[in-house]
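Trainee: Dropping in coords31.cif, which is mmCIF, C-alpha atoms:
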```
data_entry
#
loop_
_atom_site.label_atom_id
_atom_site.label_comp_id
_atom_site.auth_asym_id
_atom_site.auth_seq_id
_atom_site.Cartn_x
_atom_site.Cartn_y
_atom_site.Cartn_z
CA MET A 157 8.78 94.11 149.83
CA ALA A 158 8.29 91.68 146.97
CA VAL A 159 5.57 89.14 147.33
CA ALA A 160 6.21 85.79 145.68
CA THR A 161 3.30 84.29 143.82
CA LEU A 162 2.97 80.61 143.17
CA GLU A 163 1.42 79.46 139.94
CA ARG A 164 -1.28 76.90 140.45
CA VAL A 165 -0.16 73.67 138.84
CA LYS A 166 -2.84 72.02 136.71
CA ALA A 167 -3.73 68.52 137.90
CA LYS A 168 -3.21 65.86 135.23
CA PRO A 169 -6.29 63.79 134.37
CA THR A 170 -6.49 60.39 136.00
CA LEU A 171 -6.23 57.13 134.11
CA ASP A 172 -9.94 56.49 134.62
CA ALA A 173 -10.79 59.90 133.19
CA LEU A 174 -8.58 59.32 130.16
CA LEU A 175 -10.02 55.86 129.51
CA LYS A 176 -13.55 57.24 129.76
CA ARG A 177 -12.71 60.08 127.38
CA HIS A 178 -11.36 57.68 124.77
CA GLU A 179 -14.02 55.01 125.41
CA ILE A 180 -11.38 52.42 126.28
CA GLN A 181 -11.69 49.62 128.82
CA ILE A 182 -8.73 47.85 130.43
CA VAL A 183 -9.41 44.44 131.95
CA ARG A 184 -7.14 42.32 134.12
CA ALA A 185 -6.46 38.76 132.98
CA ASN A 186 -7.84 37.14 136.15
CA HIS A 187 -11.04 39.18 135.86
CA LEU A 188 -11.36 38.24 132.19
CA MET A 189 -11.01 34.55 132.95
CA ALA A 190 -13.65 34.78 135.70
CA ALA A 191 -16.15 36.56 133.45
CA GLU A 192 -19.01 34.67 131.79
CA LEU A 193 -19.02 35.96 128.24
CA PRO A 194 -21.71 35.04 125.69
CA GLU A 195 -20.79 33.08 122.58
CA PRO A 196 -20.70 35.07 119.31
CA VAL A 197 -24.15 35.45 117.76
CA PHE A 198 -23.86 34.70 114.04
CA THR A 199 -25.98 36.73 111.67
CA VAL A 200 -25.49 34.03 109.04
CA PRO A 201 -23.92 31.02 110.83
CA GLY A 202 -20.47 30.22 109.48
CA ILE A 203 -20.59 33.14 107.04
CA VAL A 204 -21.34 36.53 108.66
CA THR A 205 -20.93 37.78 112.24
CA PRO A 206 -21.72 41.17 113.83
CA GLY A 207 -19.02 43.69 112.94
CA LEU A 208 -17.64 44.35 109.45
CA THR A 209 -17.74 41.88 106.55
CA VAL A 210 -16.26 42.44 103.08
CA LEU A 211 -18.00 40.61 100.21
CA ALA A 212 -15.85 40.85 97.08
CA GLY A 213 -16.13 39.53 93.54
CA ARG A 214 -15.58 40.39 89.90
CA PRO A 215 -18.12 42.74 88.27
CA LYS A 216 -21.35 41.18 86.96
CA LEU A 217 -20.75 37.75 88.52
CA GLY A 218 -23.66 37.82 90.96
CA LYS A 219 -22.31 39.26 94.21
CA SER A 220 -25.19 41.77 94.38
CA TRP A 221 -27.65 38.89 93.96
CA LEU A 222 -25.86 37.08 96.79
CA ALA A 223 -25.96 40.16 99.03
CA PHE A 224 -29.64 40.80 98.25
CA GLY A 225 -30.48 37.15 98.95
CA LEU A 226 -28.74 37.34 102.33
CA ALA A 227 -30.63 40.54 103.14
CA ASP A 228 -34.01 39.00 102.32
CA ALA A 229 -33.25 35.77 104.23
CA VAL A 230 -32.22 37.61 107.39
CA ALA A 231 -35.21 39.99 107.20
CA ARG A 232 -37.56 36.99 106.95
CA GLY A 233 -35.71 34.64 109.25
CA GLY A 234 -35.58 32.03 106.49
CA TYR A 235 -32.71 30.06 104.98
CA ALA A 236 -29.70 31.91 103.60
CA MET A 237 -28.57 30.37 100.30
CA GLY A 238 -31.35 27.83 100.73
CA LYS A 239 -29.52 25.91 103.48
CA ILE A 240 -28.45 28.07 106.45
CA LYS A 241 -31.17 28.88 109.01
CA VAL A 242 -30.99 32.50 110.17
CA ASP A 243 -32.80 34.41 112.90
CA PRO A 244 -35.06 37.26 111.73
CA GLY A 245 -34.44 40.95 112.21
CA PRO A 246 -34.56 44.30 110.41
CA VAL A 247 -32.12 44.74 107.51
CA LEU A 248 -31.05 47.90 105.66
CA TYR A 249 -29.91 47.29 102.07
CA LEU A 250 -28.19 50.23 100.35
CA ALA A 251 -28.47 49.41 96.64
CA LEU A 252 -26.43 52.37 95.46
CA GLU A 253 -26.00 51.15 91.87
CA ASP A 254 -29.65 50.19 91.36
CA THR A 255 -33.04 51.78 90.82
CA HIS A 256 -36.38 51.10 92.52
CA ARG A 257 -37.61 49.40 89.37
CA ARG A 258 -34.65 47.01 89.32
CA LEU A 259 -35.06 46.22 93.02
CA GLN A 260 -38.75 45.49 92.48
CA SER A 261 -37.86 43.17 89.58
CA ARG A 262 -35.35 41.29 91.74
CA LEU A 263 -37.84 40.88 94.54
CA ASN A 264 -40.44 39.53 92.11
CA MET A 265 -37.97 36.87 90.96
CA MET A 266 -36.81 35.92 94.45
CA LEU A 267 -40.15 35.93 96.24
CA LEU A 268 -42.18 34.06 93.61
CA THR A 269 -45.54 33.74 95.41
CA GLY A 270 -44.31 34.97 98.82
CA ASP A 271 -44.95 38.36 100.38
CA ALA A 272 -42.23 40.98 100.74
CA SER A 273 -40.91 41.49 104.28
CA ARG A 274 -41.55 44.81 106.04
CA ASP A 275 -38.22 44.28 107.86
CA LEU A 276 -36.23 44.72 104.65
CA SER A 277 -35.61 48.44 104.06
CA MET A 278 -33.84 49.73 100.94
CA ALA A 279 -32.31 52.94 99.65
CA THR A 280 -30.71 53.77 96.31
CA GLU A 281 -28.90 56.93 97.47
CA TRP A 282 -26.69 57.55 100.51
CA PRO A 283 -24.04 60.13 101.41
CA PRO A 284 -20.38 59.11 101.94
CA LEU A 285 -19.56 57.98 105.46
CA ASP A 286 -17.59 61.15 106.32
CA GLN A 287 -20.40 63.38 105.02
CA GLY A 288 -23.20 62.09 107.23
CA GLY A 289 -23.48 58.55 105.89
CA LEU A 290 -22.11 56.88 109.03
CA GLU A 291 -24.38 58.96 111.26
CA LEU A 292 -27.39 58.00 109.13
CA ILE A 293 -26.58 54.27 109.42
CA GLU A 294 -26.34 54.52 113.19
CA ALA A 295 -29.62 56.44 113.34
CA TRP A 296 -31.33 53.68 111.36
CA ILE A 297 -29.89 50.98 113.65
CA GLN A 298 -31.18 52.84 116.72
CA SER A 299 -34.60 53.35 115.16
CA GLU A 300 -35.12 49.63 114.34
CA LEU A 301 -35.62 47.36 117.34
CA GLY A 302 -33.42 44.28 116.96
CA ALA A 303 -31.64 45.51 113.82
CA ARG A 304 -29.40 42.70 112.51
CA MET A 305 -27.75 43.71 109.26
CA VAL A 306 -26.72 46.62 107.03
CA ILE A 307 -25.49 45.91 103.48
CA ILE A 308 -23.72 48.60 101.46
CA ASP A 309 -23.65 47.84 97.73
CA THR A 310 -21.12 49.12 96.79
CA TRP A 311 -18.27 50.29 99.04
CA ALA A 312 -16.97 52.78 96.47
CA LYS A 313 -20.19 54.80 96.78
CA VAL A 314 -19.73 55.65 100.48
CA ARG A 315 -15.97 55.34 100.96
CA PRO A 316 -14.38 58.53 102.38
CA GLU A 317 -11.64 60.17 100.34
CA ARG A 318 -8.11 59.37 101.43
CA LYS A 319 -6.33 62.25 103.13
CA ARG A 320 -3.17 63.67 101.64
CA ASP A 321 -0.97 62.60 104.55
CA GLN A 322 -2.23 59.00 104.44
CA ASN A 323 -0.73 56.17 102.43
CA VAL A 324 -3.03 53.65 100.73
CA TYR A 325 -3.04 51.22 103.67
CA GLU A 326 -3.76 53.95 106.21
CA GLY A 327 -6.50 55.39 104.02
CA ASP A 328 -8.25 52.02 103.55
CA TYR A 329 -8.01 51.12 107.22
CA ALA A 330 -9.21 54.53 108.40
CA ALA A 331 -12.15 54.44 105.97
CA ALA A 332 -13.39 51.00 107.09
CA SER A 333 -12.68 51.14 110.83
CA PRO A 334 -15.68 53.34 111.76
CA LEU A 335 -18.05 50.78 110.24
CA LYS A 336 -16.44 47.96 112.23
CA LYS A 337 -16.71 49.97 115.45
CA LEU A 338 -20.34 50.78 114.67
CA GLY A 339 -21.18 47.13 114.06
CA ASP A 340 -19.39 46.02 117.22
CA ARG A 341 -21.07 48.68 119.33
CA HIS A 342 -24.60 47.73 118.28
CA GLY A 343 -24.10 44.00 117.58
CA VAL A 344 -25.08 44.49 113.93
CA ALA A 345 -23.48 42.89 110.87
CA ILE A 346 -22.34 45.50 108.35
CA VAL A 347 -21.51 44.04 104.93
CA ILE A 348 -19.76 46.09 102.25
CA VAL A 349 -19.87 44.80 98.67
CA HIS A 350 -16.58 45.37 96.89
CA HIS A 351 -14.64 44.36 93.77
CA THR A 352 -11.72 41.99 93.31
CA ARG A 353 -8.58 42.78 91.35
CA LYS A 354 -8.40 42.18 87.61
CA MET A 355 -5.18 40.22 88.05
CA GLU A 356 -5.48 36.66 89.35
CA ALA A 357 -4.09 35.98 92.83
CA ALA A 358 -2.63 32.72 94.13
CA ASP A 359 -4.48 33.29 97.43
CA TRP A 360 -8.13 34.29 97.02
CA LEU A 361 -7.80 36.56 100.05
CA ASP A 362 -5.25 38.66 98.14
CA SER A 363 -7.69 39.18 95.29
CA VAL A 364 -9.73 41.84 97.16
CA SER A 365 -9.25 45.21 95.46
CA GLY A 366 -7.25 47.83 97.34
CA SER A 367 -4.67 47.43 100.08
CA THR A 368 -4.69 45.01 103.00
CA GLY A 369 -5.92 47.93 105.11
CA LEU A 370 -9.49 47.11 104.10
CA THR A 371 -9.27 43.38 104.80
CA GLY A 372 -7.27 44.10 107.96
CA ALA A 373 -10.09 46.22 109.38
CA ALA A 374 -12.79 43.66 108.54
CA ASP A 375 -13.92 40.83 110.81
CA ASN A 376 -14.87 38.57 107.88
CA ILE A 377 -13.89 38.39 104.22
CA LEU A 378 -16.00 36.64 101.57
CA VAL A 379 -14.71 36.26 98.02
CA LEU A 380 -17.04 35.04 95.26
CA THR A 381 -15.29 33.37 92.33
CA ARG A 382 -17.08 32.17 89.21
CA LYS A 383 -16.07 31.56 85.62
CA ARG A 384 -18.12 33.78 83.37
CA GLY A 385 -20.99 31.92 81.74
CA GLU A 386 -21.05 29.17 84.36
CA THR A 387 -23.63 28.78 87.12
CA ASP A 388 -21.35 27.18 89.73
CA ALA A 389 -19.11 29.32 91.93
CA THR A 390 -16.85 29.20 94.96
CA LEU A 391 -17.27 31.41 98.02
CA GLY A 392 -14.08 31.78 100.03
CA VAL A 393 -14.84 32.49 103.70
CA THR A 394 -12.51 33.57 106.50
CA GLY A 395 -12.88 35.61 109.66
CA ARG A 396 -11.87 36.24 113.25
CA ASP A 397 -14.61 34.00 114.64
CA ILE A 398 -15.14 31.88 111.51
CA GLU A 399 -13.19 28.84 110.37
CA GLU A 400 -11.59 29.42 106.98
CA THR A 401 -13.33 27.43 104.28
CA GLU A 402 -14.52 27.45 100.67
CA LYS A 403 -18.17 26.85 99.86
CA ALA A 404 -19.58 25.58 96.57
CA LEU A 405 -22.54 27.62 95.29
CA ARG A 406 -24.89 27.37 92.32
CA PHE A 407 -26.82 30.25 90.78
CA ASP A 408 -30.45 29.81 89.70
CA LYS A 409 -31.03 32.33 86.92
CA HIS A 410 -34.80 31.85 87.14
CA THR A 411 -35.07 32.94 90.78
CA GLY A 412 -31.87 34.96 91.11
CA MET A 413 -30.94 32.90 94.17
CA TRP A 414 -27.61 31.38 95.13
CA GLU A 415 -27.83 27.82 96.49
CA LEU A 416 -25.26 26.40 98.89
CA LEU A 417 -24.03 23.01 97.64
CA GLY A 418 -21.57 22.24 100.42
CA GLU A 419 -17.82 22.38 100.96
CA ALA A 420 -16.07 23.28 97.70
CA ALA A 421 -13.41 20.57 98.09
CA ASP A 422 -16.03 17.86 98.62
CA PHE A 423 -18.13 19.12 95.75
CA ARG A 424 -15.19 19.27 93.33
CA ARG A 425 -14.09 15.78 94.34
CA THR A 426 -17.60 14.35 94.04
CA GLU A 427 -18.16 16.11 90.72
CA ALA A 428 -14.89 14.79 89.29
CA ARG A 429 -15.56 11.26 90.53
CA GLN A 430 -19.05 11.31 89.06
CA GLU A 431 -17.68 12.51 85.71
CA ILE A 432 -15.34 9.50 85.58
CA LEU A 433 -18.09 7.07 86.60
CA ASP A 434 -20.57 8.54 84.10
CA ALA A 435 -18.04 8.08 81.30
CA LEU A 436 -17.46 4.45 82.33
CA GLU A 437 -21.19 3.80 82.60
CA GLU A 438 -21.69 4.99 79.02
CA ASN A 439 -18.88 2.81 77.69
CA GLU A 440 -18.06 -0.84 78.26
CA SER A 441 -14.48 -0.06 79.27
CA LEU A 442 -12.04 2.83 78.90
CA THR A 443 -8.32 3.43 79.30
CA ARG A 444 -6.80 6.28 81.28
CA SER A 445 -5.98 8.06 78.00
CA ASP A 446 -9.64 7.77 76.94
CA LEU A 447 -10.77 9.36 80.20
CA VAL A 448 -8.18 12.14 79.98
CA GLU A 449 -9.48 13.03 76.52
CA MET A 450 -13.17 12.78 77.52
CA THR A 451 -12.95 14.74 80.78
CA GLY A 452 -10.26 17.27 79.88
CA LYS A 453 -8.46 16.56 83.17
CA SER A 454 -4.73 16.00 83.56
CA LYS A 455 -3.23 12.50 83.48
CA GLN A 456 -2.24 12.82 87.12
CA ALA A 457 -5.74 13.89 88.21
CA VAL A 458 -7.37 11.02 86.30
CA SER A 459 -4.82 8.53 87.64
CA ASN A 460 -5.50 9.63 91.23
CA LEU A 461 -9.26 9.33 90.76
CA LEU A 462 -8.99 5.90 89.12
CA SER A 463 -6.73 4.64 91.88
CA LYS A 464 -9.19 5.74 94.57
CA LEU A 465 -12.21 4.33 92.74
CA VAL A 466 -10.46 0.97 92.23
CA LYS A 467 -9.45 0.87 95.88
CA GLU A 468 -13.04 1.57 96.93
CA GLY A 469 -14.32 -1.20 94.67
CA ARG A 470 -16.45 1.13 92.53
CA ILE A 471 -14.55 0.19 89.37
CA THR A 472 -12.31 -2.69 88.30
CA ALA A 473 -9.06 -2.61 86.32
CA ALA A 474 -7.69 -5.18 83.89
CA GLY A 475 -4.57 -5.38 81.76
CA SER A 476 -0.98 -4.22 81.97
CA THR A 477 -0.08 -0.80 83.31
CA HIS A 478 0.09 0.91 79.92
CA ARG A 479 -2.96 -0.87 78.46
CA ARG A 480 -5.09 -1.13 81.56
CA ARG A 481 -8.81 -0.74 80.98
CA TYR A 482 -11.39 0.28 83.58
CA THR A 483 -15.01 -0.78 83.98
CA VAL A 484 -17.73 -0.06 86.53
CA SER A 485 -17.86 -2.73 89.22
CA LYS A 486 -20.69 -5.21 88.76
CA CYS A 487 -20.70 -6.33 92.38
CA LEU A 488 -21.11 -4.79 95.82
CA THR A 489 -18.43 -4.56 98.47
CA GLU A 490 -18.55 -3.07 101.93
CA ASP A 491 -16.81 -0.01 100.49
CA ASN A 492 -19.25 0.75 97.70
CA ASP A 493 -22.64 -0.53 98.77
CA ASP A 494 -23.53 2.41 101.03
CA GLU A 495 -23.22 5.06 98.31
CA SER A 496 -23.94 2.94 95.26
CA GLU A 497 -27.05 4.92 94.29
CA ALA A 498 -24.97 8.07 93.89
CA TYR A 499 -22.55 6.48 91.48
CA LEU A 500 -23.96 3.35 89.89
CA ASP A 501 -27.11 2.41 88.04
CA THR A 502 -29.09 0.60 90.72
CA SER A 503 -31.55 -0.82 88.21
CA HIS A 504 -28.99 -3.55 87.57
CA TYR A 505 -28.83 -6.06 90.41
CA ARG A 506 -25.29 -6.64 91.66
CA GLU A 507 -24.20 -9.61 93.74
CA PRO A 508 -21.99 -9.10 96.80
CA CYS A 509 -18.33 -9.68 95.96
CA LEU A 510 -14.95 -9.85 97.62
CA SER A 511 -12.89 -6.68 97.48
CA VAL A 512 -9.78 -8.03 95.79
CA GLN A 513 -8.39 -6.26 92.72
CA PRO A 514 -6.03 -7.51 89.97
CA GLU A 515 -3.11 -5.39 91.17
CA ASP A 516 -3.49 -6.88 94.66
CA LEU A 517 -2.84 -10.49 93.54
CA ASP A 518 0.90 -10.40 94.20
CA THR A 519 0.21 -9.78 97.91
CA TRP A 520 -3.09 -11.66 98.04
CA THR A 521 -3.84 -13.76 101.10
CA PRO A 522 -7.14 -14.87 102.64
CA HIS A 523 -6.66 -12.13 105.25
CA ASN A 524 -6.83 -9.45 102.53
CA LEU A 525 -10.39 -10.34 101.62
CA LYS A 526 -13.24 -8.32 103.06
CA PRO A 527 -16.43 -10.37 103.34
CA VAL A 528 -19.74 -8.58 103.08
CA SER A 529 -23.23 -9.52 104.10
CA ASN A 530 -24.72 -12.49 102.19
CA ALA A 531 -21.26 -13.42 100.82
CA LYS A 532 -20.30 -17.07 101.14
CA SER A 533 -17.35 -18.17 103.21
CA LEU A 534 -13.93 -16.93 102.16
CA VAL A 535 -12.42 -20.38 101.73
CA SER A 536 -15.07 -21.69 99.34
CA ASN A 537 -15.23 -18.52 97.25
CA ALA A 538 -11.58 -17.49 97.04
CA LYS A 539 -10.75 -19.56 93.97
CA SER A 540 -13.99 -18.63 92.24
CA GLN A 541 -13.32 -14.96 92.91
CA VAL A 542 -9.88 -15.13 91.31
CA ARG A 543 -11.18 -17.12 88.30
CA HIS A 544 -13.81 -14.52 87.55
CA LEU A 545 -11.51 -11.52 87.72
CA ASP A 546 -10.89 -10.13 84.24
CA THR A 547 -7.14 -10.15 84.73
CA ASP A 548 -4.26 -10.35 82.33
CA PHE A 549 -2.31 -13.50 83.27
CA SER A 550 0.03 -13.33 80.29
CA SER A 551 2.97 -12.65 82.63
CA PRO A 552 3.91 -15.07 85.42
CA GLN A 553 2.37 -14.23 88.81
CA PRO A 554 2.72 -15.96 92.19
CA LEU A 555 -0.09 -18.36 93.05
CA PRO A 556 -2.33 -17.42 95.97
CA PRO A 557 -1.69 -19.63 99.01
CA GLY A 558 -3.58 -22.91 98.83
CA MET A 559 -3.98 -22.89 95.04
CA LYS A 560 -2.30 -25.64 93.02
CA PRO A 561 -0.70 -25.25 89.56
CA GLY A 562 -3.25 -25.69 86.77
CA GLN A 563 -6.07 -24.14 88.78
CA ARG A 564 -5.33 -20.60 87.67
CA ASN A 565 -7.51 -18.71 85.17
CA GLY A 566 -10.57 -20.90 85.36
CA GLY A 567 -8.66 -24.19 85.84
CA GLN A 568 -6.58 -23.83 82.66
CA SER A 569 -2.81 -24.12 83.01
#
```
Before we go any further, please render this structure as structure tokens.

Mentor:
Amino acid sequence: MAVATLERVKAKPTLDALLKRHEIQIVRANHLMAAELPEPVFTVPGIVTPGLTVLAGRPKLGKSWLAFGLADAVARGGYAMGKIKVDPGPVLYLALEDTHRRLQSRLNMMLLTGDASRDLSMATEWPPLDQGGLELIEAWIQSELGARMVIIDTWAKVRPERKRDQNVYEGDYAAASPLKKLGDRHGVAIVIVHHTRKMEAADWLDSVSGSTGLTGAADNILVLTRKRGETDATLGVTGRDIEETEKALRFDKHTGMWELLGEAADFRRTEARQEILDALEENESLTRSDLVEMTGKSKQAVSNLLSKLVKEGRITAAGSTHRRRYTVSKCLTEDNDDESEAYLDTSHYREPCLSVQPEDLDTWTPHNLKPVSNAKSLVSNAKSQVRHLDTDFSSPQPLPPGMKPGQRNGGQS
């Protein structure tokens, strides 16, 4: 008699078991909304968060100085780039293209009379990530209570080799992802210093060398741009928890420190405006063509700046469109008195004036005038204001309301 045997069917692992095996957590939307989650803790506020950050720039333009300065500031709990307050904590700086002598020289320049921080640890050699380098970084993080940052200078020194079955994107993403996971797991900022492409890119984010796999894996991307031989630079910043912006920086070759100047757009605008005003201060009056030649800016850029400065009352314009000449305003209006020290020589006393400009005369009415403190009444000063404007009246212009023929141009018909 044949005896039938039943094969024992293997039980499939449960969802919970599979999630645990792969270290994955699924959360329901209603539970997520009810949870009280802490705000992101910035390592360098507005610049670097825990996770993975890519700092890229052309060779020999100062990105290692910037990375080293960030490392020292975080280790001390001082001010990153001289302006951004950071909380202190241990930092590991992997200077894989330097020597101990060069690191000592950099510290001497940066510290001046200060003492070196015991929370800044450095190494000049490190194995690639897939040959024990990643394990070593995690061991350091676990050995340092409150570790805050790891900087790898440069990425090429520890990057794993791309596998044969991987395309460039897959290889870059797979190489960088373990560092991001490590940073996320321990709440530590990991910064890799990298190069930008030789070819210029319309978008600074596209200038990072390699495929988008690297930038796709990173939480933050920083791109340092500087014209060789100049001390001013732009730092493009973007990230998952960071608002995209461009910062203006200046390099101090005596200390090796980068100084944050502010938003790049504001700095460029202020710098261009000041260049125009300086040129006008040094000369009695200039035309637009003169300023184009002196500043090296385009006609359109100079025209836009002049228009804004005239509107603000910082300069005055006289003459026809093609022969118009510009001079620094000799009087104060509500628009230019608050920032006059930044643009005008305050050693020369300037009386309050009414903010009416020559090109505004065709639409001029008493309601256009903006009185300022200590200015006399509009009615009594309107005619005097018009008489003293250095305006070309060679072509017929409508009379302002209330003014009789023969009273124009100082009372001369």

Trainee: Tell me which residues the PyMOL selection byres ((chain A and resi 407) around 10) grabs here, as a ChimeraX atom specification.

Mentor: /A:217-218,221-222,237,386-389,405-406,408-416

Trainee: Between CA of Val347 (chain A) and CA of Gln298 (chain A), what is the spacing in Å?

Mentor: 17.6 Å

Trainee: Measure the distance from CA of Arg353 (chain A) to CA of Leu211 (chain A) in Å and round it to one decimal.

Mentor: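 Separation between CA of Arg353 (chain A) and CA of Leu211 (chain A): 13.1 Å.
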
Trainee: Could you list, as a ChimeraX atom specification, every residue within 12 Å of Leu263 (chain A), counting only C-alpha atoms and ignoring same-chain residues fewer than 4 positions away?

Mentor: /A:221,224-225,227-229,256-259,267-273,276,278,411-413

Trainee: Have a look at A:Leu208, A:Ile240, A:Leu338, A:Leu378 and name the one nearest to Glu400 (chain A); count all atoms listed in the file.

Mentor: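 Among the listed residues, the smallest separation from Glu400 (chain A) belongs to A:Leu378.
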
Trainee: Applying 12 Å and only C-alpha atoms, which residues near Gly245 (chain A) remain after dropping the ones on its own chain fewer than 2 positions away? List them as a PyMOL selection string.

Mentor: chain A and resi 199-200+226-234+242-243+247-248+273-277+297+300-306+344-345

Trainee: Have a look at CA of Leu370 (chain A) and CA of Ala332 (chain A) and let me know their distance in Å, one decimal.

Mentor: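 Computing the Euclidean distance for CA of Leu370 (chain A) and CA of Ala332 (chain A) yields 6.3 Å.
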
Trainee: The PyMOL selection byres ((chain A and resi 440) around 12) on the file shown: which residues, as a PyMOL selection string?

Mentor: chain A and resi 433-439+441-443+471-472+481-486

Trainee: Which polymer residues have any atom within 10 Å of an atom of Lys313 (chain A), counting only C-alpha atoms, with same-chain residues fewer than 6 positions away left out, as a PyMOL selection string?

Mentor: chain A and resi 250-253+281-285

Trainee: Pick out the residues sitting within 9 Å of Thr352 (chain A), and hand them over as an mmCIF file with C-alpha atoms, in the coordinates of the input; count only C-alpha atoms, and ignore anything fewer than 2 positions along from it in its own chain.

Mentor:
```cif
data_model
loop_
_atom_site.group_PDB
_atom_site.id
_atom_site.type_symbol
_atom_site.label_atom_id
_atom_site.label_comp_id
_atom_site.auth_asym_id
_atom_site.auth_seq_id
_atom_site.Cartn_x
_atom_site.Cartn_y
_atom_site.Cartn_z
ATOM 1 C CA ALA A 212 -15.850 40.850 97.080
ATOM 2 C CA GLY A 213 -16.130 39.530 93.540
ATOM 3 C CA ARG A 214 -15.580 40.390 89.900
ATOM 4 C CA PRO A 215 -18.120 42.740 88.270
ATOM 5 C CA HIS A 350 -16.580 45.370 96.890
ATOM 6 C CA LYS A 354 -8.400 42.180 87.610
ATOM 7 C CA MET A 355 -5.180 40.220 88.050
ATOM 8 C CA ASP A 362 -5.250 38.660 98.140
ATOM 9 C CA SER A 363 -7.690 39.180 95.290
ATOM 10 C CA VAL A 364 -9.730 41.840 97.160
ATOM 11 C CA SER A 365 -9.250 45.210 95.460
ATOM 12 C CA GLY A 366 -7.250 47.830 97.340
ATOM 13 C CA VAL A 379 -14.710 36.260 98.020
ATOM 14 C CA LEU A 380 -17.040 35.040 95.260
#
```
